[in-house]
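Trainee: Provided below: run.csv, containing CSV, C-alpha atoms.
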chain,number,residue,atom,x,y,z
A,560,MET,CA,2.3,6.0,23.8
A,561,GLU,CA,5.8,5.2,22.5
A,562,LEU,CA,6.5,1.6,21.6
A,563,PRO,CA,9.6,-0.2,23.0
A,564,SER,CA,12.4,-0.5,20.5
A,565,TRP,CA,12.1,-4.3,20.4
A,566,LYS,CA,8.4,-4.1,19.5
A,567,LEU,CA,9.1,-1.5,16.7
A,568,ALA,CA,11.8,-3.8,15.3
A,569,VAL,CA,9.4,-6.8,15.3
A,570,ILE,CA,6.5,-4.9,13.7
A,571,CYS,CA,8.8,-3.4,11.0
A,572,THR,CA,10.3,-6.9,10.3
A,573,LEU,CA,6.9,-8.5,10.2
A,574,ALA,CA,5.6,-5.8,7.9
A,575,CYS,CA,8.4,-6.8,5.5
A,576,LEU,CA,7.0,-10.3,5.6
A,577,GLY,CA,3.8,-9.2,3.9
A,578,PRO,CA,2.9,-10.0,0.3
A,579,ALA,CA,6.3,-10.5,-1.3
A,580,LEU,CA,7.1,-9.1,-4.8
A,581,VAL,CA,9.2,-12.0,-5.8
A,582,GLN,CA,9.1,-14.2,-8.9
A,583,GLY,CA,7.9,-17.8,-8.7
A,584,THR,CA,4.9,-19.5,-7.3
A,585,PHE,CA,3.0,-18.6,-4.2
A,586,LEU,CA,4.7,-21.5,-2.5
A,587,LEU,CA,8.0,-19.8,-2.9
A,588,THR,CA,6.5,-16.6,-1.6
A,589,TYR,CA,5.2,-18.2,1.6
A,590,GLN,CA,8.4,-20.3,2.0
A,591,ASN,CA,10.5,-17.1,2.0
A,592,GLN,CA,8.1,-15.4,4.4
A,593,LEU,CA,8.1,-18.3,6.8
A,594,ALA,CA,11.8,-18.8,6.5
A,595,GLU,CA,12.3,-15.1,7.5
A,596,LEU,CA,9.9,-15.4,10.4
A,597,HIS,CA,11.8,-18.5,11.6
A,598,LYS,CA,15.1,-16.7,11.3
A,599,LEU,CA,13.7,-13.7,13.2
A,600,MET,CA,12.3,-15.9,16.0
A,601,LYS,CA,15.6,-17.9,16.5
A,602,THR,CA,17.6,-14.6,16.6
A,603,GLU,CA,15.3,-12.9,19.1
A,604,ILE,CA,14.8,-16.0,21.3
A,605,GLY,CA,18.5,-16.5,21.5
A,606,GLN,CA,19.0,-12.8,22.5
A,607,ARG,CA,16.4,-13.2,25.3
A,608,PHE,CA,18.2,-16.4,26.6
A,609,ARG,CA,21.4,-14.4,26.8
A,610,GLN,CA,19.7,-11.6,28.6
A,611,ASN,CA,18.2,-14.0,31.1
A,612,SER,CA,21.6,-15.6,31.7
A,613,VAL,CA,23.2,-12.2,32.3
A,614,LEU,CA,20.5,-11.4,34.9
A,615,ASN,CA,21.0,-14.8,36.6
A,616,ALA,CA,24.8,-14.4,36.7
A,617,GLY,CA,24.4,-10.9,38.2
A,618,LEU,CA,22.0,-12.3,40.9
A,619,ILE,CA,24.6,-14.9,41.9
A,620,GLU,CA,27.7,-12.8,41.7
A,621,GLN,CA,26.4,-9.5,43.1
A,622,GLU,CA,23.7,-10.6,45.5
A,623,LEU,CA,24.0,-14.2,46.7
A,624,LEU,CA,27.7,-14.7,47.0
A,625,PRO,CA,28.4,-11.6,49.1
A,626,VAL,CA,25.7,-12.7,51.6
A,627,LEU,CA,27.2,-16.2,51.8
A,628,ALA,CA,30.6,-14.7,52.3
A,629,GLU,CA,29.3,-12.5,55.1
A,630,CYS,CA,27.8,-15.5,56.8
A,631,THR,CA,31.0,-17.5,56.4
A,632,ILE,CA,33.0,-14.8,58.1
A,633,ALA,CA,30.4,-14.6,61.0
A,634,ILE,CA,30.5,-18.4,61.5
A,635,ARG,CA,34.3,-18.5,61.6
A,636,SER,CA,34.3,-15.7,64.1
A,637,ALA,CA,31.8,-17.5,66.3
A,638,ASN,CA,33.8,-20.7,66.1
A,639,GLN,CA,37.0,-18.9,67.0
A,640,ASP,CA,35.3,-17.2,69.9
A,641,LEU,CA,34.0,-20.5,71.1
A,642,ILE,CA,37.4,-22.2,71.0
A,643,GLU,CA,39.1,-19.3,72.8
A,644,ARG,CA,36.5,-19.0,75.5
A,645,ILE,CA,36.6,-22.7,76.3
A,646,ALA,CA,40.4,-22.7,76.3
A,647,SER,CA,40.4,-19.8,78.8
A,648,ILE,CA,38.3,-21.7,81.4
A,649,ARG,CA,39.7,-25.2,80.8
A,650,PRO,CA,42.2,-26.5,83.3
A,651,ASN,CA,45.4,-28.1,82.0
A,652,GLY,CA,45.7,-31.9,81.8
A,653,THR,CA,42.0,-32.6,81.2
A,654,ASP,CA,42.3,-34.0,77.7
A,655,GLY,CA,41.0,-37.5,77.5
A,656,VAL,CA,40.8,-37.9,81.3
A,657,SER,CA,37.7,-36.0,82.1
A,658,GLU,CA,34.3,-37.2,81.0
A,659,CYS,CA,32.8,-33.7,81.4
A,660,TRP,CA,35.4,-32.1,79.2
A,661,ASP,CA,35.1,-34.9,76.7
A,662,THR,CA,31.5,-33.9,76.5
A,663,VAL,CA,32.5,-30.3,76.0
A,664,ASP,CA,34.9,-31.4,73.2
A,665,SER,CA,32.0,-33.2,71.5
A,666,LEU,CA,29.9,-30.0,71.8
A,667,LEU,CA,32.7,-28.0,70.3
A,668,TYR,CA,32.9,-30.4,67.3
A,669,VAL,CA,29.2,-30.4,66.7
A,670,HIS,CA,28.6,-26.7,67.2
A,671,THR,CA,31.5,-25.8,64.8
A,672,LEU,CA,30.1,-28.2,62.2
A,673,LEU,CA,26.4,-27.5,62.3
A,674,PRO,CA,26.6,-23.9,61.1
A,675,GLN,CA,28.5,-25.0,58.0
A,676,TRP,CA,25.7,-27.4,57.2
A,677,ASP,CA,23.2,-24.7,57.8
A,678,LEU,CA,25.1,-22.4,55.5
A,679,GLN,CA,25.1,-25.0,52.8
A,680,ASP,CA,21.4,-25.4,53.2
A,681,CYS,CA,20.9,-21.7,52.8
A,682,ALA,CA,23.0,-21.7,49.6
A,683,TYR,CA,21.2,-24.8,48.2
A,684,GLY,CA,17.8,-23.4,49.1
A,685,GLY,CA,18.4,-20.1,47.4
A,686,TYR,CA,19.8,-21.8,44.3
A,687,SER,CA,17.0,-24.4,44.0
A,688,GLN,CA,14.4,-21.7,44.5
A,689,TRP,CA,15.9,-19.7,41.7
A,690,MET,CA,16.2,-22.7,39.4
A,691,ARG,CA,12.7,-23.9,40.2
A,692,ASP,CA,11.3,-20.5,39.6
A,693,ASP,CA,13.0,-20.2,36.2
A,694,ALA,CA,12.2,-23.8,35.2
A,695,ARG,CA,8.5,-23.9,36.2
A,696,GLU,CA,7.2,-20.3,36.2
A,697,ARG,CA,9.4,-17.6,34.8
A,698,PHE,CA,11.0,-17.4,31.4
A,699,TYR,CA,11.9,-21.0,30.4
A,700,PRO,CA,8.4,-22.3,29.9
A,701,ARG,CA,7.6,-19.5,27.5
A,702,ALA,CA,11.0,-19.4,25.9
A,703,LEU,CA,11.0,-23.2,25.2
A,704,GLU,CA,7.4,-23.0,23.8
A,705,LEU,CA,8.4,-20.2,21.4
A,706,HIS,CA,11.4,-22.3,20.4
A,707,ARG,CA,9.1,-25.2,19.6
A,708,ILE,CA,6.8,-22.9,17.6
A,709,SER,CA,9.8,-21.6,15.6
A,710,SER,CA,10.5,-25.2,14.5
A,711,GLU,CA,6.9,-25.6,13.4
A,712,VAL,CA,7.1,-22.5,11.3
A,713,ILE,CA,9.8,-23.8,9.0
A,714,ASN,CA,7.9,-27.1,8.4
A,715,THR,CA,4.5,-25.4,7.6
A,716,ILE,CA,4.6,-25.7,3.8
A,717,VAL,CA,5.7,-29.4,3.9
A,718,GLY,CA,2.8,-30.1,6.2
A,719,VAL,CA,0.2,-28.3,4.1
A,720,VAL,CA,1.4,-29.6,0.8
A,721,SER,CA,1.4,-33.2,2.1
A,722,GLU,CA,-2.3,-32.8,2.7
A,723,ASP,CA,-3.5,-30.7,-0.3
A,724,ASP,CA,-2.3,-30.5,-3.9
A,725,PRO,CA,-0.9,-27.0,-4.7
A,726,VAL,CA,-1.9,-27.5,-8.3
A,727,THR,CA,-5.5,-28.7,-8.2
A,728,ASP,CA,-6.2,-27.1,-4.8
A,729,ALA,CA,-4.1,-24.0,-5.2
A,730,ALA,CA,-6.7,-21.7,-3.5
A,731,GLU,CA,-7.1,-24.0,-0.6
A,732,VAL,CA,-3.4,-24.4,-0.1
A,733,GLU,CA,-2.7,-20.6,-0.4
A,734,GLY,CA,-5.5,-19.9,2.1
A,735,ARG,CA,-4.1,-22.3,4.6
A,736,LEU,CA,-0.6,-21.0,4.2
A,737,ASP,CA,-1.9,-17.4,4.6
A,738,ALA,CA,-3.8,-18.4,7.8
A,739,SER,CA,-0.7,-20.2,9.1
A,740,LEU,CA,1.5,-17.2,8.6
A,741,ASP,CA,-1.0,-14.9,10.3
A,742,HIS,CA,-1.3,-17.4,13.2
A,743,PHE,CA,2.5,-17.7,13.7
A,744,ASN,CA,2.9,-13.9,13.5
A,745,GLU,CA,0.3,-13.4,16.2
A,746,MET,CA,1.8,-16.1,18.4
A,747,TRP,CA,5.3,-14.7,17.9
A,748,ILE,CA,4.3,-11.1,18.9
A,749,ASP,CA,2.4,-12.3,21.9
A,750,GLY,CA,5.1,-14.7,22.9
A,751,LEU,CA,7.9,-12.1,22.7
A,752,GLN,CA,5.8,-9.8,24.8
A,753,ASP,CA,5.5,-12.6,27.4
A,754,LEU,CA,9.3,-13.1,27.4
A,755,GLU,CA,9.9,-9.3,27.9
A,756,GLU,CA,7.5,-9.4,30.9
A,757,ASP,CA,9.3,-12.5,32.3
A,758,LEU,CA,12.6,-10.6,32.0
A,759,GLU,CA,11.1,-7.7,33.9
A,760,ARG,CA,9.9,-10.0,36.6
A,761,HIS,CA,13.5,-10.8,37.4
A,762,ASN,CA,13.7,-7.8,39.8
A,763,ASP,CA,10.7,-9.2,41.8
A,764,ARG,CA,12.3,-12.6,41.9
A,765,GLN,CA,15.6,-11.2,42.9
A,766,GLN,CA,14.0,-9.4,45.9
A,767,ALA,CA,12.2,-12.6,47.0
A,768,ILE,CA,15.4,-14.7,46.9
A,769,GLU,CA,17.4,-12.0,48.6
A,770,ALA,CA,14.8,-11.9,51.4
A,771,TYR,CA,14.9,-15.7,51.7
A,772,MET,CA,18.7,-15.7,51.8
A,773,ARG,CA,18.9,-12.9,54.4
A,774,GLU,CA,16.4,-14.6,56.7
A,775,CYS,CA,18.3,-17.9,56.3
A,776,ILE,CA,21.7,-16.4,56.9
A,777,ASP,CA,20.6,-14.3,59.9
A,778,ARG,CA,19.1,-17.4,61.4
A,779,THR,CA,22.3,-19.4,60.9
A,780,ILE,CA,24.4,-16.7,62.4
A,781,SER,CA,22.1,-16.3,65.4
A,782,THR,CA,22.0,-20.1,66.0
A,783,SER,CA,25.7,-20.3,65.8
A,784,GLN,CA,26.1,-17.6,68.4
A,785,GLU,CA,23.5,-19.3,70.7
A,786,ASP,CA,25.5,-22.6,70.3
A,787,VAL,CA,28.6,-20.7,71.5
A,788,GLU,CA,26.9,-19.4,74.6
A,789,TYR,CA,25.3,-22.8,75.4
A,790,THR,CA,28.6,-24.6,75.2
A,791,VAL,CA,30.4,-22.1,77.4
A,792,ARG,CA,27.6,-22.2,80.0
A,793,TYR,CA,27.7,-26.0,80.0
A,794,ALA,CA,31.5,-26.0,80.6
A,795,GLU,CA,31.3,-23.4,83.3
A,796,PHE,CA,28.4,-25.1,85.1
A,797,PHE,CA,29.4,-28.7,84.9
A,798,CYS,CA,33.1,-28.8,84.4
A,799,VAL,CA,34.8,-25.9,86.2
Represent the structure from my file as structure tokens, please.
Mentor:
Amino acid sequence: MELPSWKLAVICTLACLGPALVQGTFLLTYQNQLAELHKLMKTEIGQRFRQNSVLNAGLIEQELLPVLAECTIAIRSANQDLIERIASIRPNGTDGVSECWDTVDSLLYVHTLLPQWDLQDCAYGGYSQWMRDDARERFYPRALELHRISSEVINTIVGVVSEDDPVTDAAEVEGRLDASLDHFNEMWIDGLQDLEEDLERHNDRQQAIEAYMRECIDRTISTSQEDVEYTVRYAEFFCV
């Protein structure tokens, strides 16, 4: 099975982080290896953050905004229809002198305002669902954990040397550094795989949010149209 390009790049880079043929103590060797791993992690994590941002921007611009614009047009059309139908059956000279038509005016105000609030609720619901998903479940938890690990990598030698003497306990220190390097390499490869899977889950998340938005928008449009019919029937039955 052919490996993805990103995984080949990681494996090749990590292979280069093996026993280094450099001059100096083993501390320098491990410091160079850990520094390269830290640099690799920062670069790759930053790239995945940018990829996720592009996916999120595309979701908003290409999927959510067009649906909201469609609903805005439908609400304005329903409001205009309501105003015109009420005007067509309303006798002249009823402004401010008829309690019944005053009630109709109140209904007009409320039923042109409520759809706008419903639309705002749809937009906020879709946005908060997207943000909640990213913050609690998809991408950010793993990305931030990898970022934390990358910070630990660069401080590994300081932590080990502060506990063991690299002169008198050279074998112990080298063993701990070697184990730490292997540990971080394993965590990095597994963590990067998790990030790739999170990015792939974007499509599933996009479909879920689109379904939520479509249901919310359709309900808002339907309710707006029902409000029009109710207000017109009220005016025709009680005021005409």
Trainee: When distances are computed from only C-alpha atoms, which of A:Asn762, A:Asn744, A:Asn591, A:Thr671 shows the smallest separation from Ala637 of chain A?
Mentor: A:Thr671
Trainee: Might you pull out every residue within 8 Å of segment 594-597 of chain A, with all atoms listed in the file counted and same-chain residues fewer than 2 positions away left off, and present them as a list of chain:residue names?
Mentor: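 These residues fall inside the cut-off: A:Leu573, A:Leu576, A:Gln590, A:Asn591, A:Gln592, A:Leu599, A:Met600, A:Lys601, A:Ser709, A:Ser710, A:Val712, A:Ile713, A:Asn744.
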Trainee: Between A:Glu603, A:Asp677, A:Gly750, A:Arg707, which is the closest to Arg778 of chain A once you count all atoms listed in the file?
Mentor: A:Asp677
Trainee: Could you jot down the atom CA of Ile780 of chain A to atom CA of Ser647 of chain A separation for me, Å, one decimal place?
Mentor: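 Separation of atom CA of Ile780 of chain A and atom CA of Ser647 of chain A: 23.1 Å.
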Trainee: Of the residues A:Leu754, A:Ile748, A:Ile642, A:Leu624, which is the one nearest to Ala702 of chain A, using all atoms listed in the file?
Mentor: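 Smallest separation from Ala702 of chain A among the options: A:Leu754.
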Trainee: If you measure from atom CA of Asp692 of chain A to atom CA of Glu629 of chain A, what distance in Å do you get, rounded to one decimal?
Mentor: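 We find that atom CA of Asp692 of chain A and atom CA of Glu629 of chain A lie 25.1 Å from each other.
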Trainee: Near segment 658-670 of chain A, within 9 Å and counting all atoms listed in the file, which residues show up once chain neighbours fewer than 6 positions away are dropped, as a PDB file with C-alpha atoms, in the frame of the given file?
Mentor:
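So out.pdb came out as:
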ATOM      1  CA  ASN A 638      33.800 -20.700  66.100  1.00  0.00           C
ATOM      2  CA  LEU A 641      34.000 -20.500  71.100  1.00  0.00           C
ATOM      3  CA  ILE A 642      37.400 -22.200  71.000  1.00  0.00           C
ATOM      4  CA  ILE A 645      36.600 -22.700  76.300  1.00  0.00           C
ATOM      5  CA  ARG A 649      39.700 -25.200  80.800  1.00  0.00           C
ATOM      6  CA  SER A 783      25.700 -20.300  65.800  1.00  0.00           C
ATOM      7  CA  ASP A 786      25.500 -22.600  70.300  1.00  0.00           C
ATOM      8  CA  VAL A 787      28.600 -20.700  71.500  1.00  0.00           C
ATOM      9  CA  THR A 790      28.600 -24.600  75.200  1.00  0.00           C
ATOM     10  CA  VAL A 791      30.400 -22.100  77.400  1.00  0.00           C
ATOM     11  CA  TYR A 793      27.700 -26.000  80.000  1.00  0.00           C
ATOM     12  CA  ALA A 794      31.500 -26.000  80.600  1.00  0.00           C
ATOM     13  CA  PHE A 797      29.400 -28.700  84.900  1.00  0.00           C
ATOM     14  CA  CYS A 798      33.100 -28.800  84.400  1.00  0.00           C
TER      15      CYS A 798
END
Trainee: Rounded to one decimal place, report the atom CA of His761 of chain A-atom CA of Ile776 of chain A distance in Å.
Mentor: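 Going from atom CA of His761 of chain A over to atom CA of Ile776 of chain A covers 21.9 Å.
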Trainee: Between A:Glu733, A:Glu745, A:Glu774, A:Glu759, which one has atoms that come closest to Leu627 of chain A, using only C-alpha atoms?
Mentor: A:Glu774
Trainee: Using all atoms listed in the file, find the one residue out of A:Lys598, A:Leu705, A:Ile619, A:Arg697 that sits nearest to Asp749 of chain A.
Mentor: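 Result for the nearest residue to Asp749 of chain A: A:Leu705.
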Trainee: List the neighbours of Thr779 of chain A out to 9 Å using all atoms listed in the file; skip same-chain residues closer than 4 positions along the sequence, and give me the result as a list of chain:residue names.
Mentor: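 Within the cut-off, the hits are A:Cys630, A:Ile634, A:Pro674, A:Gln675, A:Asp677, A:Leu678, A:Cys681, A:Glu774, A:Cys775, A:Ser783, A:Gln784.
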Trainee: Could you write out that same residue set with C-alpha atoms as a PDB file, in the frame of the given file?
Mentor:
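This is the output file again-v3.pdb:
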ATOM      1  CA  CYS A 630      27.800 -15.500  56.800  1.00  0.00           C
ATOM      2  CA  ILE A 634      30.500 -18.400  61.500  1.00  0.00           C
ATOM      3  CA  PRO A 674      26.600 -23.900  61.100  1.00  0.00           C
ATOM      4  CA  GLN A 675      28.500 -25.000  58.000  1.00  0.00           C
ATOM      5  CA  ASP A 677      23.200 -24.700  57.800  1.00  0.00           C
ATOM      6  CA  LEU A 678      25.100 -22.400  55.500  1.00  0.00           C
ATOM      7  CA  CYS A 681      20.900 -21.700  52.800  1.00  0.00           C
ATOM      8  CA  GLU A 774      16.400 -14.600  56.700  1.00  0.00           C
ATOM      9  CA  CYS A 775      18.300 -17.900  56.300  1.00  0.00           C
ATOM     10  CA  SER A 783      25.700 -20.300  65.800  1.00  0.00           C
ATOM     11  CA  GLN A 784      26.100 -17.600  68.400  1.00  0.00           C
TER      12      GLN A 784
END
